[in-house]
file structure-v9.pdb (PDB, C-alpha atoms and all ligand atoms)
ATOM      1  CA  VAL D   1     -32.719  -8.271  -9.044
ATOM      2  CA  ALA D   2     -35.040  -6.583 -11.549
ATOM      3  CA  SER D   3     -33.689  -3.078 -12.029
ATOM      4  CA  CYS D   4     -30.723  -1.206 -13.469
ATOM      5  CA  SER D   5     -28.557  -2.381 -16.336
ATOM      6  CA  PRO D   6     -26.613  -5.645 -15.948
ATOM      7  CA  LYS D   7     -23.829  -4.024 -17.958
ATOM      8  CA  THR D   8     -23.066  -1.541 -15.201
ATOM      9  CA  HIS D   9     -24.640  -3.096 -12.110
ATOM     10  CA  GLU D  10     -24.300  -6.878 -12.378
ATOM     11  CA  PRO D  11     -20.623  -6.820 -11.274
ATOM     12  CA  MET D  12     -21.584  -4.619  -8.321
ATOM     13  CA  PHE D  13     -24.353  -6.965  -7.157
ATOM     14  CA  ARG D  14     -22.007  -9.939  -7.554
ATOM     15  CA  GLU D  15     -19.347  -8.193  -5.463
ATOM     16  CA  THR D  16     -21.979  -7.597  -2.777
ATOM     17  CA  LEU D  17     -22.791 -11.305  -2.719
ATOM     18  CA  GLU D  18     -19.098 -12.179  -2.392
ATOM     19  CA  ALA D  19     -18.737  -9.651   0.446
ATOM     20  CA  CYS D  20     -21.573 -11.497   2.227
ATOM     21  CA  GLY D  21     -19.832 -14.864   1.754
ATOM     22  CA  ILE D  22     -22.220 -16.103  -1.001
ATOM     23  CA  ASN D  23     -20.967 -17.516  -4.299
ATOM     24  CA  LYS D  24     -21.291 -14.706  -6.859
ATOM     25  CA  TYR D  25     -22.837 -16.970  -9.490
ATOM     26  CA  LEU D  26     -25.890 -17.544  -7.281
ATOM     27  CA  PHE D  27     -27.214 -14.336  -8.757
ATOM     28  CA  GLU D  28     -29.720 -13.649 -11.511
ATOM     29  CA  MET D  29     -30.782 -10.355 -13.006
ATOM     30  CA  ALA D  30     -33.830  -9.560 -15.162
ATOM     31  CA  ASN D  31     -32.783  -7.015 -17.766
ATOM     32  CA  ILE D  32     -35.943  -4.930 -17.732
ATOM     33  CA  ARG D  33     -34.070  -1.780 -18.673
ATOM     34  CA  ASN D  34     -31.896  -2.296 -21.808
ATOM     35  CA  GLN D  35     -34.029  -5.107 -23.225
ATOM     36  CA  ASN D  36     -37.390  -3.675 -22.296
ATOM     37  CA  SER D  37     -38.160  -0.149 -21.026
ATOM     38  CA  TRP D  38     -35.599   1.463 -23.333
ATOM     39  CA  VAL D  39     -36.585  -0.367 -26.510
ATOM     40  CA  HIS D  40     -40.341  -0.301 -25.859
ATOM     41  CA  ALA D  41     -40.573   3.237 -24.478
ATOM     42  CA  LYS D  42     -43.541   3.962 -26.737
ATOM     43  CA  SER D  43     -45.599   0.946 -25.569
ATOM     44  CA  PRO D  44     -45.605   1.145 -21.760
ATOM     45  CA  GLU D  45     -48.417  -1.377 -21.234
ATOM     46  CA  LEU D  46     -46.857  -4.049 -23.396
ATOM     47  CA  ALA D  47     -43.465  -3.261 -21.822
ATOM     48  CA  THR D  48     -44.918  -3.833 -18.356
ATOM     49  CA  ARG D  49     -46.283  -7.226 -19.456
ATOM     50  CA  LYS D  50     -42.899  -8.120 -20.913
ATOM     51  CA  ALA D  51     -41.147  -6.974 -17.706
ATOM     52  CA  LYS D  52     -43.354  -9.329 -15.683
ATOM     53  CA  ASP D  53     -42.460 -12.180 -18.063
ATOM     54  CA  LEU D  54     -38.733 -11.377 -17.820
ATOM     55  CA  ILE D  55     -38.939 -11.321 -14.027
ATOM     56  CA  ARG D  56     -40.880 -14.652 -13.955
ATOM     57  CA  MET D  57     -38.167 -16.213 -16.144
ATOM     58  CA  ALA D  58     -35.353 -14.780 -13.984
ATOM     59  CA  VAL D  59     -36.996 -16.123 -10.821
ATOM     60  CA  ALA D  60     -37.376 -19.575 -12.410
ATOM     61  CA  ARG D  61     -33.716 -19.553 -13.438
ATOM     62  CA  ALA D  62     -32.520 -18.301 -10.040
ATOM     63  CA  GLY D  63     -34.034 -21.441  -8.513
ATOM     64  CA  THR D  64     -31.757 -23.653 -10.623
ATOM     65  CA  LEU D  65     -28.451 -21.783 -10.146
ATOM     66  CA  LYS D  66     -25.472 -23.653  -8.779
ATOM     67  CA  PRO D  67     -22.298 -22.178  -7.227
ATOM     68  CA  LEU D  68     -19.448 -22.009  -9.747
ATOM     69  CA  ARG D  69     -15.694 -21.867  -9.143
ATOM     70  CA  GLU D  70     -13.300 -19.991 -11.450
ATOM     71  CA  ARG D  71     -10.149 -21.736 -12.581
ATOM     72  CA  VAL D  72      -6.973 -20.090 -13.823
ATOM     73  CA  ILE D  73      -5.605 -21.953 -16.847
ATOM     74  CA  SER D  74      -2.331 -21.439 -18.654
ATOM     75  CA  VAL D  75      -2.301 -20.183 -22.242
ATOM     76  CA  VAL D  76       0.574 -20.366 -24.722
ATOM     77  CA  GLN D  77       1.902 -16.775 -24.542
ATOM     78  CA  ARG D  78       2.356 -16.444 -28.281
ATOM     79  CA  ALA D  79       0.134 -14.957 -30.974
ATOM     80  CA  LEU D  80      -0.367 -16.013 -34.564
ATOM     81  CA  VAL D  81      -1.397 -13.142 -36.841
ATOM     82  CA  ILE D  82      -2.797 -14.244 -40.213
ATOM     83  CA  GLY D  83      -2.496 -11.557 -42.892
ATOM     84  CA  GLY D  84       0.350  -9.106 -43.390
ATOM     85  CA  GLY D  85      -1.704  -6.070 -44.428
ATOM     86  CA  VAL D  86      -1.863  -2.836 -42.459
ATOM     87  CA  ALA D  87      -4.142  -4.392 -39.813
ATOM     88  CA  GLY D  88      -2.058  -7.567 -39.364
ATOM     89  CA  MET D  89       1.257  -5.713 -39.238
ATOM     90  CA  ASN D  90      -0.053  -3.204 -36.696
ATOM     91  CA  ALA D  91      -1.535  -5.984 -34.545
ATOM     92  CA  ALA D  92       1.733  -7.952 -34.646
ATOM     93  CA  LEU D  93       3.833  -4.892 -33.823
ATOM     94  CA  SER D  94       1.543  -3.850 -30.993
ATOM     95  CA  LEU D  95       1.802  -7.310 -29.399
ATOM     96  CA  ALA D  96       5.581  -7.396 -29.890
ATOM     97  CA  ARG D  97       5.939  -3.970 -28.262
ATOM     98  CA  GLN D  98       4.080  -5.361 -25.238
ATOM     99  CA  GLY D  99       6.646  -8.138 -25.011
ATOM    100  CA  PHE D 100       4.672 -11.049 -26.491
ATOM    101  CA  ASP D 101       6.026 -13.523 -29.023
ATOM    102  CA  VAL D 102       4.326 -13.161 -32.397
ATOM    103  CA  ALA D 103       4.331 -15.044 -35.698
ATOM    104  CA  LEU D 104       2.974 -13.104 -38.657
ATOM    105  CA  ILE D 105       1.858 -15.133 -41.662
ATOM    106  CA  GLU D 106       1.311 -13.695 -45.118
ATOM    107  CA  LYS D 107       0.404 -15.788 -48.135
ATOM    108  CA  GLU D 108       1.876 -13.385 -50.693
ATOM    109  CA  PRO D 109       5.644 -12.893 -51.091
ATOM    110  CA  GLU D 110       5.288  -9.243 -49.980
ATOM    111  CA  LEU D 111       3.814  -7.644 -46.878
ATOM    112  CA  GLY D 112       1.434  -4.683 -47.229
ATOM    113  CA  GLY D 113      -1.806  -6.226 -48.488
ATOM    114  CA  TYR D 114      -4.331  -4.175 -50.400
ATOM    115  CA  SER D 115      -2.761  -0.873 -49.344
ATOM    116  CA  ARG D 116      -0.053  -1.529 -51.920
ATOM    117  CA  ASN D 117      -2.643  -0.598 -54.569
ATOM    118  CA  LEU D 118      -3.453   2.757 -52.987
ATOM    119  CA  HIS D 119      -1.841   6.167 -53.272
ATOM    120  CA  HIS D 120      -3.472   8.662 -50.905
ATOM    121  CA  THR D 121      -5.938   8.750 -48.050
ATOM    122  CA  ILE D 122      -8.882  11.134 -48.400
ATOM    123  CA  GLU D 123      -6.970  13.618 -46.225
ATOM    124  CA  GLY D 124      -4.026  13.439 -48.667
ATOM    125  CA  GLY D 125      -1.845  11.151 -46.498
ATOM    126  CA  ASP D 126       0.898   9.247 -48.363
ATOM    127  CA  ILE D 127      -0.162   5.545 -48.176
ATOM    128  CA  PRO D 128       2.950   3.961 -49.815
ATOM    129  CA  ALA D 129       5.251   5.873 -47.429
ATOM    130  CA  TYR D 130       3.196   4.738 -44.419
ATOM    131  CA  VAL D 131       3.112   1.100 -45.591
ATOM    132  CA  GLU D 132       6.849   1.071 -46.319
ATOM    133  CA  ARG D 133       7.555   2.450 -42.822
ATOM    134  CA  LEU D 134       5.389  -0.279 -41.322
ATOM    135  CA  ILE D 135       7.078  -3.032 -43.371
ATOM    136  CA  ARG D 136      10.520  -1.718 -42.385
ATOM    137  CA  GLU D 137       9.525  -1.814 -38.730
ATOM    138  CA  VAL D 138       8.169  -5.370 -39.048
ATOM    139  CA  ARG D 139      11.275  -6.599 -40.825
ATOM    140  CA  GLY D 140      13.628  -4.656 -38.568
ATOM    141  CA  ARG D 141      12.387  -5.985 -35.224
ATOM    142  CA  LYS D 142      15.079  -7.882 -33.447
ATOM    143  CA  ASP D 143      13.066  -9.492 -30.619
ATOM    144  CA  PRO D 144      13.855 -13.215 -30.648
ATOM    145  CA  GLY D 145      10.133 -14.083 -30.429
ATOM    146  CA  PHE D 146       9.038 -11.939 -33.375
ATOM    147  CA  HIS D 147       8.677 -13.634 -36.738
ATOM    148  CA  GLY D 148       7.575 -11.068 -39.277
ATOM    149  CA  ARG D 149       8.883 -12.597 -42.460
ATOM    150  CA  PRO D 150       6.103 -13.588 -44.819
ATOM    151  CA  ARG D 151       5.499 -17.319 -44.741
ATOM    152  CA  ARG D 152       3.428 -18.838 -47.464
ATOM    153  CA  GLY D 153       0.252 -19.484 -45.466
ATOM    154  CA  PHE D 154      -0.478 -22.481 -43.319
ATOM    155  CA  ARG D 155      -1.814 -25.944 -43.828
ATOM    156  CA  ARG D 156      -4.105 -26.324 -40.876
ATOM    157  CA  ILE D 157      -4.724 -25.383 -37.280
ATOM    158  CA  GLN D 158      -4.938 -28.167 -34.737
ATOM    159  CA  GLY D 159      -5.526 -28.402 -31.018
ATOM    160  CA  LYS D 160      -6.753 -25.830 -28.543
ATOM    161  CA  PHE D 161      -5.261 -22.669 -27.132
ATOM    162  CA  ARG D 162      -3.615 -24.645 -24.344
ATOM    163  CA  ASN D 163      -2.075 -27.480 -26.354
ATOM    164  CA  PRO D 164      -2.051 -26.416 -29.977
ATOM    165  CA  ASP D 165       0.985 -28.347 -31.136
ATOM    166  CA  ARG D 166      -0.441 -31.754 -31.949
ATOM    167  CA  ARG D 167       0.519 -31.949 -35.602
ATOM    168  CA  ASN D 168       1.945 -34.896 -37.421
ATOM    169  CA  ARG D 169       5.748 -34.456 -37.197
ATOM    170  CA  THR D 170       6.281 -36.100 -40.582
ATOM    171  CA  GLU D 171       4.854 -33.047 -42.344
ATOM    172  CA  ARG D 172       7.500 -30.833 -43.887
ATOM    173  CA  SER D 173       6.059 -27.487 -42.777
ATOM    174  CA  ARG D 174       7.095 -25.937 -39.460
ATOM    175  CA  PRO D 175       4.736 -26.051 -36.433
ATOM    176  CA  SER D 176       3.942 -22.794 -34.669
ATOM    177  CA  ALA D 177       2.404 -23.068 -31.202
ATOM    178  CA  HIS D 178       0.231 -20.123 -30.204
ATOM    179  CA  GLY D 179      -2.453 -19.236 -27.660
ATOM    180  CA  VAL D 180      -4.113 -16.483 -29.680
ATOM    181  CA  ILE D 181      -5.006 -16.106 -33.353
ATOM    182  CA  ILE D 182      -5.705 -12.752 -34.970
ATOM    183  CA  VAL D 183      -7.306 -13.092 -38.391
ATOM    184  CA  ALA D 184      -6.544  -9.994 -40.472
ATOM    185  CA  THR D 185      -7.048 -11.394 -43.952
ATOM    186  CA  GLY D 186      -8.645  -8.234 -45.371
ATOM    187  CA  ALA D 187     -10.950  -7.901 -48.323
ATOM    188  CA  LYS D 188     -10.851  -7.995 -52.096
ATOM    189  CA  GLU D 189     -12.066  -5.363 -54.494
ATOM    190  CA  TYR D 190     -15.360  -6.246 -56.207
ATOM    191  CA  ARG D 191     -14.921  -6.835 -59.951
ATOM    192  CA  PRO D 192     -18.231  -5.740 -61.457
ATOM    193  CA  GLU D 193     -20.060  -7.601 -64.172
ATOM    194  CA  GLU D 194     -22.493  -4.735 -64.476
ATOM    195  CA  TYR D 195     -22.353  -1.433 -66.335
ATOM    196  CA  LEU D 196     -20.111  -2.674 -69.186
ATOM    197  CA  TYR D 197     -17.131  -3.125 -66.855
ATOM    198  CA  GLY D 198     -14.490  -5.109 -68.778
ATOM    199  CA  LYS D 199     -16.274  -4.406 -72.066
ATOM    200  CA  ASP D 200     -15.745  -0.671 -72.401
ATOM    201  CA  GLU D 201     -12.383   0.742 -71.301
ATOM    202  CA  ARG D 202     -14.011   3.943 -70.087
ATOM    203  CA  VAL D 203     -15.693   1.953 -67.320
ATOM    204  CA  MET D 204     -13.354   1.397 -64.367
ATOM    205  CA  THR D 205     -13.314   0.934 -60.599
ATOM    206  CA  GLN D 206     -12.452   3.790 -58.254
ATOM    207  CA  VAL D 207      -9.065   2.205 -57.530
ATOM    208  CA  GLU D 208      -8.306   2.020 -61.265
ATOM    209  CA  LEU D 209      -9.391   5.642 -61.617
ATOM    210  CA  ALA D 210      -7.049   6.602 -58.763
ATOM    211  CA  HIS D 211      -4.170   4.847 -60.620
ATOM    212  CA  LEU D 212      -5.037   6.734 -63.782
ATOM    213  CA  LEU D 213      -5.108  10.061 -61.963
ATOM    214  CA  GLU D 214      -1.826   9.255 -60.222
ATOM    215  CA  GLU D 215      -0.057   8.173 -63.402
ATOM    216  CA  LYS D 216      -1.463  10.612 -65.907
ATOM    217  CA  GLY D 217      -2.879  13.426 -63.748
ATOM    218  CA  ALA D 218      -3.840  16.519 -65.666
ATOM    219  CA  ILE D 219      -2.389  15.305 -68.982
ATOM    220  CA  SER D 220      -5.329  12.975 -69.463
ATOM    221  CA  PRO D 221      -8.463  15.070 -70.012
ATOM    222  CA  LEU D 222     -11.365  13.006 -68.743
ATOM    223  CA  GLY D 223     -14.243  15.170 -69.945
ATOM    224  CA  THR D 224     -17.387  14.279 -68.030
ATOM    225  CA  VAL D 225     -16.991  11.696 -65.278
ATOM    226  CA  VAL D 226     -19.979   9.717 -64.012
ATOM    227  CA  MET D 227     -19.565   7.793 -60.744
ATOM    228  CA  ILE D 228     -21.973   4.921 -60.118
ATOM    229  CA  GLN D 229     -22.248   4.159 -56.424
ATOM    230  CA  CYS D 230     -23.169   0.967 -54.547
ATOM    231  CA  VAL D 231     -22.232  -1.335 -57.453
ATOM    232  CA  GLY D 232     -22.384  -4.892 -56.097
ATOM    233  CA  SER D 233     -23.538  -3.674 -52.660
ATOM    234  CA  ARG D 234     -26.864  -2.860 -51.043
ATOM    235  CA  ASN D 235     -28.721  -5.222 -53.339
ATOM    236  CA  GLU D 236     -30.673  -8.396 -52.608
ATOM    237  CA  GLU D 237     -27.614 -10.638 -52.731
ATOM    238  CA  TYR D 238     -25.310  -8.339 -50.690
ATOM    239  CA  PRO D 239     -27.512  -5.959 -48.670
ATOM    240  CA  GLU D 240     -24.580  -4.480 -46.693
ATOM    241  CA  CYS D 241     -22.928  -1.148 -47.414
ATOM    242  CA  SER D 242     -19.260  -1.545 -48.408
ATOM    243  CA  ARG D 243     -18.388   1.568 -46.376
ATOM    244  CA  ILE D 244     -15.410   2.451 -48.517
ATOM    245  CA  CYS D 245     -16.651   3.490 -51.980
ATOM    246  CA  CYS D 246     -18.334   6.804 -51.050
ATOM    247  CA  GLN D 247     -15.084   7.959 -49.511
ATOM    248  CA  ASN D 248     -13.145   6.782 -52.574
ATOM    249  CA  ALA D 249     -15.554   8.560 -54.892
ATOM    250  CA  VAL D 250     -15.249  11.852 -53.002
ATOM    251  CA  LYS D 251     -11.467  11.486 -52.856
ATOM    252  CA  ASN D 252     -11.211  10.886 -56.616
ATOM    253  CA  ALA D 253     -13.748  13.620 -57.426
ATOM    254  CA  LEU D 254     -11.673  16.139 -55.465
ATOM    255  CA  ARG D 255      -8.537  14.945 -57.258
ATOM    256  CA  ILE D 256     -10.257  15.315 -60.641
ATOM    257  CA  LYS D 257     -11.305  18.850 -59.760
ATOM    258  CA  GLU D 258      -7.750  19.688 -58.718
ATOM    259  CA  THR D 259      -6.032  18.196 -61.754
ATOM    260  CA  GLN D 260      -8.544  18.654 -64.556
ATOM    261  CA  SER D 261      -9.782  22.210 -64.059
TER     262      SER D 261
HETATM  263  C1  LIG E   1     -11.556  -1.282 -53.043
HETATM  264  C2  LIG E   1     -10.880  -0.661 -51.855
HETATM  265  C3  LIG E   1     -10.463   0.656 -51.925
HETATM  266  C4  LIG E   1      -9.847   1.250 -50.841
HETATM  267  N1  LIG E   1      -9.436   2.534 -50.954
HETATM  268  C5  LIG E   1      -8.827   3.158 -49.914
HETATM  269  C6  LIG E   1      -8.332   4.483 -50.027
HETATM  270  O1  LIG E   1      -8.479   5.111 -51.071
HETATM  271  N2  LIG E   1      -7.738   5.053 -48.970
HETATM  272  C7  LIG E   1      -7.570   4.375 -47.800
HETATM  273  O2  LIG E   1      -7.008   4.926 -46.847
HETATM  274  N3  LIG E   1      -8.006   3.096 -47.662
HETATM  275  C8  LIG E   1      -8.627   2.483 -48.688
HETATM  276  N4  LIG E   1      -9.074   1.192 -48.577
HETATM  277  C9  LIG E   1      -8.956   0.566 -47.306
HETATM  278  C10 LIG E   1      -7.597  -0.101 -47.100
HETATM  279  O3  LIG E   1      -7.227  -0.817 -48.251
HETATM  280  C11 LIG E   1      -7.808  -1.022 -46.010
HETATM  281  O4  LIG E   1      -8.272  -0.329 -44.853
HETATM  282  C12 LIG E   1      -6.526  -1.743 -45.603
HETATM  283  O5  LIG E   1      -5.788  -2.145 -46.709
HETATM  284  C13 LIG E   1      -6.998  -2.920 -44.839
HETATM  285  O6  LIG E   1      -5.889  -3.596 -44.379
HETATM  286  P1  LIG E   1      -6.038  -5.058 -43.842
HETATM  287  O7  LIG E   1      -4.709  -5.389 -43.261
HETATM  288  O8  LIG E   1      -7.248  -5.170 -42.999
HETATM  289  O9  LIG E   1      -6.353  -5.971 -45.121
HETATM  290  P2  LIG E   1      -5.521  -6.234 -46.460
HETATM  291  O10 LIG E   1      -4.729  -5.046 -46.854
HETATM  292  O11 LIG E   1      -6.496  -6.798 -47.444
HETATM  293  O12 LIG E   1      -4.490  -7.360 -46.006
HETATM  294  C14 LIG E   1      -4.862  -8.688 -45.767
HETATM  295  C15 LIG E   1      -3.642  -9.553 -45.989
HETATM  296  O13 LIG E   1      -3.959 -10.885 -45.618
HETATM  297  C16 LIG E   1      -3.354 -11.770 -46.552
HETATM  298  N5  LIG E   1      -4.063 -13.039 -46.490
HETATM  299  C17 LIG E   1      -5.333 -13.303 -46.900
HETATM  300  N6  LIG E   1      -5.632 -14.612 -46.667
HETATM  301  C18 LIG E   1      -4.525 -15.170 -46.096
HETATM  302  C19 LIG E   1      -4.211 -16.484 -45.635
HETATM  303  N7  LIG E   1      -5.104 -17.482 -45.719
HETATM  304  N8  LIG E   1      -2.961 -16.709 -45.119
HETATM  305  C20 LIG E   1      -2.059 -15.692 -45.026
HETATM  306  N9  LIG E   1      -2.304 -14.433 -45.457
HETATM  307  C21 LIG E   1      -3.522 -14.170 -45.982
HETATM  308  C22 LIG E   1      -3.524 -11.050 -47.887
HETATM  309  O14 LIG E   1      -2.612 -11.525 -48.859
HETATM  310  C23 LIG E   1      -3.212  -9.604 -47.457
HETATM  311  O15 LIG E   1      -1.842  -9.278 -47.547
HETATM  312  C24 LIG E   1      -9.673   0.540 -49.647
HETATM  313  C25 LIG E   1     -10.082  -0.786 -49.576
HETATM  314  C26 LIG E   1     -10.683  -1.389 -50.663
HETATM  315  C27 LIG E   1     -11.106  -2.842 -50.560
HETATM  316  S1  LIG E   2     -19.955   3.181 -49.234
HETATM  317 FE1  LIG E   2     -21.330   4.464 -50.415
HETATM  318  S2  LIG E   2     -21.181   3.677 -52.516
HETATM  319 FE2  LIG E   2     -20.349   2.099 -51.151
HETATM  320  S3  LIG E   2     -22.071   0.743 -50.742
HETATM  321 FE3  LIG E   2     -22.005   2.234 -49.087
HETATM  322  S4  LIG E   2     -23.395   3.863 -49.755
HETATM  323 FE4  LIG E   2     -22.928   2.626 -51.555
END

call {"tool": "encode", "arguments": {"input": "structure-v9.pdb", "output": "structure tokens"}}
result
Amino acid sequence: VASCSPKTHEPMFRETLEACGINKYLFEMANIRNQNSWVHAKSPELATRKAKDLIRMAVARAGTLKPLRERVISVVQRALVIGGGVAGMNAALSLARQGFDVALIEKEPELGGYSRNLHHTIEGGDIPAYVERLIREVRGRKDPGFHGRPRRGFRRIQGKFRNPDRRNRTERSRPSAHGVIIVATGAKEYRPEEYLYGKDERVMTQVELAHLLEEKGAISPLGTVVMIQCVGSRNEEYPECSRICCQNAVKNALRIKETQS
């Protein structure tokens, strides 16, 4: 078939094949919409040439297709969540509420992750209160399959999702069989080497500024505050946007206006 979008129509065409008694994997689709006419809308002639190529390739592949059979395999019905921050705790709780066994692993003695360094969301929400509620819920769960106490990390992961428990029994640490792993190990704050950070005490990160505002508030007149954005991001080494600092800057700027005016 060379039309429509495989995303929406491939399952439909496959169902049609099955209804006709043909194996549904004996089906090939040339994606001349999403990967061609949509992206090359401004070059119709070149797009037509590409469409012909895509169709030629799909026809060649269709000639080599073989019928496939689906197999149902068993999976260990237990999840391992690595990282006891907000994301890890929420993932573990959500799975536990659905009735699955969960082991939550945290390398630090305390749950909570980076959120423990934060005070308010940009909307003014109370982060410590939220995190404490979450930790209480994790620690308070009584389901026999829920293990939310921080364990000091793990040595290694062995095996596959069907037979994960193939470790050497002489090791002192406890094995934990699981069919699913959720990695929620978070991120660390960038410690700048630029802009005199660490050399001049007036230069600080947004999180340090938030601490200062929380602890000292209006009693610490800051005078003029300059915020330097994108430090350590969007450069040649790390071209990505950190997606958190603009929000932090606005949040702290609003707080400064409230407390310092
Ligand atoms: C600089 C900065 C400023 C921020 N400011 C704000 C803000 O002002 N307001 C706001 O709402 N949000 C803010 N955020 C976002 C907020 O911190 C995150 O959205 C939230 O903390 C992410 O939670 P997480 O669970 O994904 O990761 P984290 O909180 O980082 O948790 C990850 C956890 O995994 C653990 N871990 C790591 N490796 C292992 C391992 N190998 N084994 C076991 N455990 C491991 C860590 O110890 C940690 O507890 C900020 C984030 C950053 C980085
Ligand atoms: S979130 Fe804002 S300050 Fe941070 S890297 Fe992106 S654009 Fe720059």

call {"tool": "closest_atom_pairs", "arguments": {"input": "structure-v9.pdb", "of": "chain D", "to": "ligand LIG 2 (chain E)", "cutoff": "9 Å", "atoms": "only C-alpha atoms and all ligand atoms", "output": "JSON lines"}}
result
{"residue": "D:Ile228", "atom": "CA", "partner": "E:LIG2", "partner_atom": "S2", "distance": 7.7}
{"residue": "D:Gln229", "atom": "CA", "partner": "E:LIG2", "partner_atom": "S2", "distance": 4.1}
{"residue": "D:Cys230", "atom": "CA", "partner": "E:LIG2", "partner_atom": "FE4", "distance": 3.4}
{"residue": "D:Val231", "atom": "CA", "partner": "E:LIG2", "partner_atom": "S3", "distance": 7.0}
{"residue": "D:Gly232", "atom": "CA", "partner": "E:LIG2", "partner_atom": "S3", "distance": 7.8}
{"residue": "D:Ser233", "atom": "CA", "partner": "E:LIG2", "partner_atom": "S3", "distance": 5.0}
{"residue": "D:Arg234", "atom": "CA", "partner": "E:LIG2", "partner_atom": "S3", "distance": 6.0}
{"residue": "D:Pro239", "atom": "CA", "partner": "E:LIG2", "partner_atom": "S3", "distance": 8.9}
{"residue": "D:Glu240", "atom": "CA", "partner": "E:LIG2", "partner_atom": "S3", "distance": 7.1}
{"residue": "D:Cys241", "atom": "CA", "partner": "E:LIG2", "partner_atom": "FE3", "distance": 3.9}
{"residue": "D:Ser242", "atom": "CA", "partner": "E:LIG2", "partner_atom": "S3", "distance": 4.3}
{"residue": "D:Arg243", "atom": "CA", "partner": "E:LIG2", "partner_atom": "S1", "distance": 3.6}
{"residue": "D:Ile244", "atom": "CA", "partner": "E:LIG2", "partner_atom": "S1", "distance": 4.7}
{"residue": "D:Cys245", "atom": "CA", "partner": "E:LIG2", "partner_atom": "FE2", "distance": 4.0}
{"residue": "D:Cys246", "atom": "CA", "partner": "E:LIG2", "partner_atom": "FE1", "distance": 3.9}
{"residue": "D:Gln247", "atom": "CA", "partner": "E:LIG2", "partner_atom": "S1", "distance": 6.8}
{"residue": "D:Asn248", "atom": "CA", "partner": "E:LIG2", "partner_atom": "S1", "distance": 8.4}
{"residue": "D:Ala249", "atom": "CA", "partner": "E:LIG2", "partner_atom": "S2", "distance": 7.8}

call {"tool": "resolve_selection", "arguments": {"input": "structure-v9.pdb", "expression": "the PyMOL selection byres (((chain D and resi 92) around 8) and not hetatm)", "output": "PDB file with C-alpha atoms, in the coordinates of the input"}}
result
ATOM      1  CA  VAL D  81      -1.397 -13.142 -36.841  1.00  0.00           C
ATOM      2  CA  GLY D  88      -2.058  -7.567 -39.364  1.00  0.00           C
ATOM      3  CA  MET D  89       1.257  -5.713 -39.238  1.00  0.00           C
ATOM      4  CA  ASN D  90      -0.053  -3.204 -36.696  1.00  0.00           C
ATOM      5  CA  ALA D  91      -1.535  -5.984 -34.545  1.00  0.00           C
ATOM      6  CA  LEU D  93       3.833  -4.892 -33.823  1.00  0.00           C
ATOM      7  CA  SER D  94       1.543  -3.850 -30.993  1.00  0.00           C
ATOM      8  CA  LEU D  95       1.802  -7.310 -29.399  1.00  0.00           C
ATOM      9  CA  ALA D  96       5.581  -7.396 -29.890  1.00  0.00           C
ATOM     10  CA  VAL D 102       4.326 -13.161 -32.397  1.00  0.00           C
ATOM     11  CA  ALA D 103       4.331 -15.044 -35.698  1.00  0.00           C
ATOM     12  CA  LEU D 104       2.974 -13.104 -38.657  1.00  0.00           C
TER      13      LEU D 104
END

call {"tool": "residues_around", "arguments": {"input": "structure-v9.pdb", "residues": "Glu132 of chain D", "least_positions_apart": "6", "cutoff": "12 Å", "atoms": "all atoms listed in the file", "output": "PyMOL selection string"}}
result
chain D and resi 85-86+89+110-113+115-116+126+138-140

call {"tool": "resolve_selection", "arguments": {"input": "structure-v9.pdb", "expression": "the PyMOL selection byres (((chain D and resi 25) around 10) and not hetatm)", "output": "list in words"}}
result
Arg14, Leu17, Glu18, Ile22, Asn23, Lys24, Leu26, Phe27, Glu28, Ala62, Leu65, Lys66, Pro67, Leu68 and Arg69 of chain D

call {"tool": "atom_distance", "arguments": {"input": "structure-v9.pdb", "atom1": "atom CA of Asp143 of chain D", "atom2": "atom CA of Val180 of chain D"}}
result
18.6 Å

call {"tool": "atom_distance", "arguments": {"input": "structure-v9.pdb", "atom1": "atom CA of Arg191 of chain D", "atom2": "atom CA of Gln206 of chain D"}}
result
11.0 Å

call {"tool": "axis_aligned_box", "arguments": {"input": "structure-v9.pdb", "around": "ligand LIG 1 (chain E)", "padding_each_side": "5 Å", "output": "AutoDock Vina command-line options"}}
result
--center_x -6.7 --center_y -6.2 --center_z -48.0 --size_x 19.7 --size_y 32.6 --size_z 20.0

call {"tool": "decode", "arguments": {"input": "structure-v9.pdb", "residues": "segment 209-230 of chain D", "atoms": "C-alpha atoms", "output": "mmCIF file, in the first residue's frame"}}
result
data_model
loop_
_atom_site.group_PDB
_atom_site.id
_atom_site.type_symbol
_atom_site.label_atom_id
_atom_site.label_comp_id
_atom_site.auth_asym_id
_atom_site.auth_seq_id
_atom_site.Cartn_x
_atom_site.Cartn_y
_atom_site.Cartn_z
ATOM 1 C CA LEU D 209 19.983 32.283 45.389
ATOM 2 C CA ALA D 210 16.663 30.607 46.235
ATOM 3 C CA HIS D 211 18.206 29.361 49.535
ATOM 4 C CA LEU D 212 19.420 32.860 50.308
ATOM 5 C CA LEU D 213 16.008 34.364 49.615
ATOM 6 C CA GLU D 214 14.323 31.668 51.698
ATOM 7 C CA GLU D 215 16.681 32.050 54.649
ATOM 8 C CA LYS D 216 17.245 35.776 54.677
ATOM 9 C CA GLY D 217 14.350 37.155 52.604
ATOM 10 C CA ALA D 218 13.945 40.893 52.801
ATOM 11 C CA ILE D 219 16.581 41.359 55.523
ATOM 12 C CA SER D 220 19.344 40.867 52.988
ATOM 13 C CA PRO D 221 19.318 43.812 50.572
ATOM 14 C CA LEU D 222 20.687 42.519 47.294
ATOM 15 C CA GLY D 223 20.988 45.799 45.407
ATOM 16 C CA THR D 224 21.218 45.108 41.689
ATOM 17 C CA VAL D 225 20.889 41.474 40.643
ATOM 18 C CA VAL D 226 22.231 40.276 37.295
ATOM 19 C CA MET D 227 21.108 36.843 36.070
ATOM 20 C CA ILE D 228 23.299 35.137 33.475
ATOM 21 C CA GLN D 229 21.333 32.572 31.512
ATOM 22 C CA CYS D 230 22.412 29.418 29.654
#
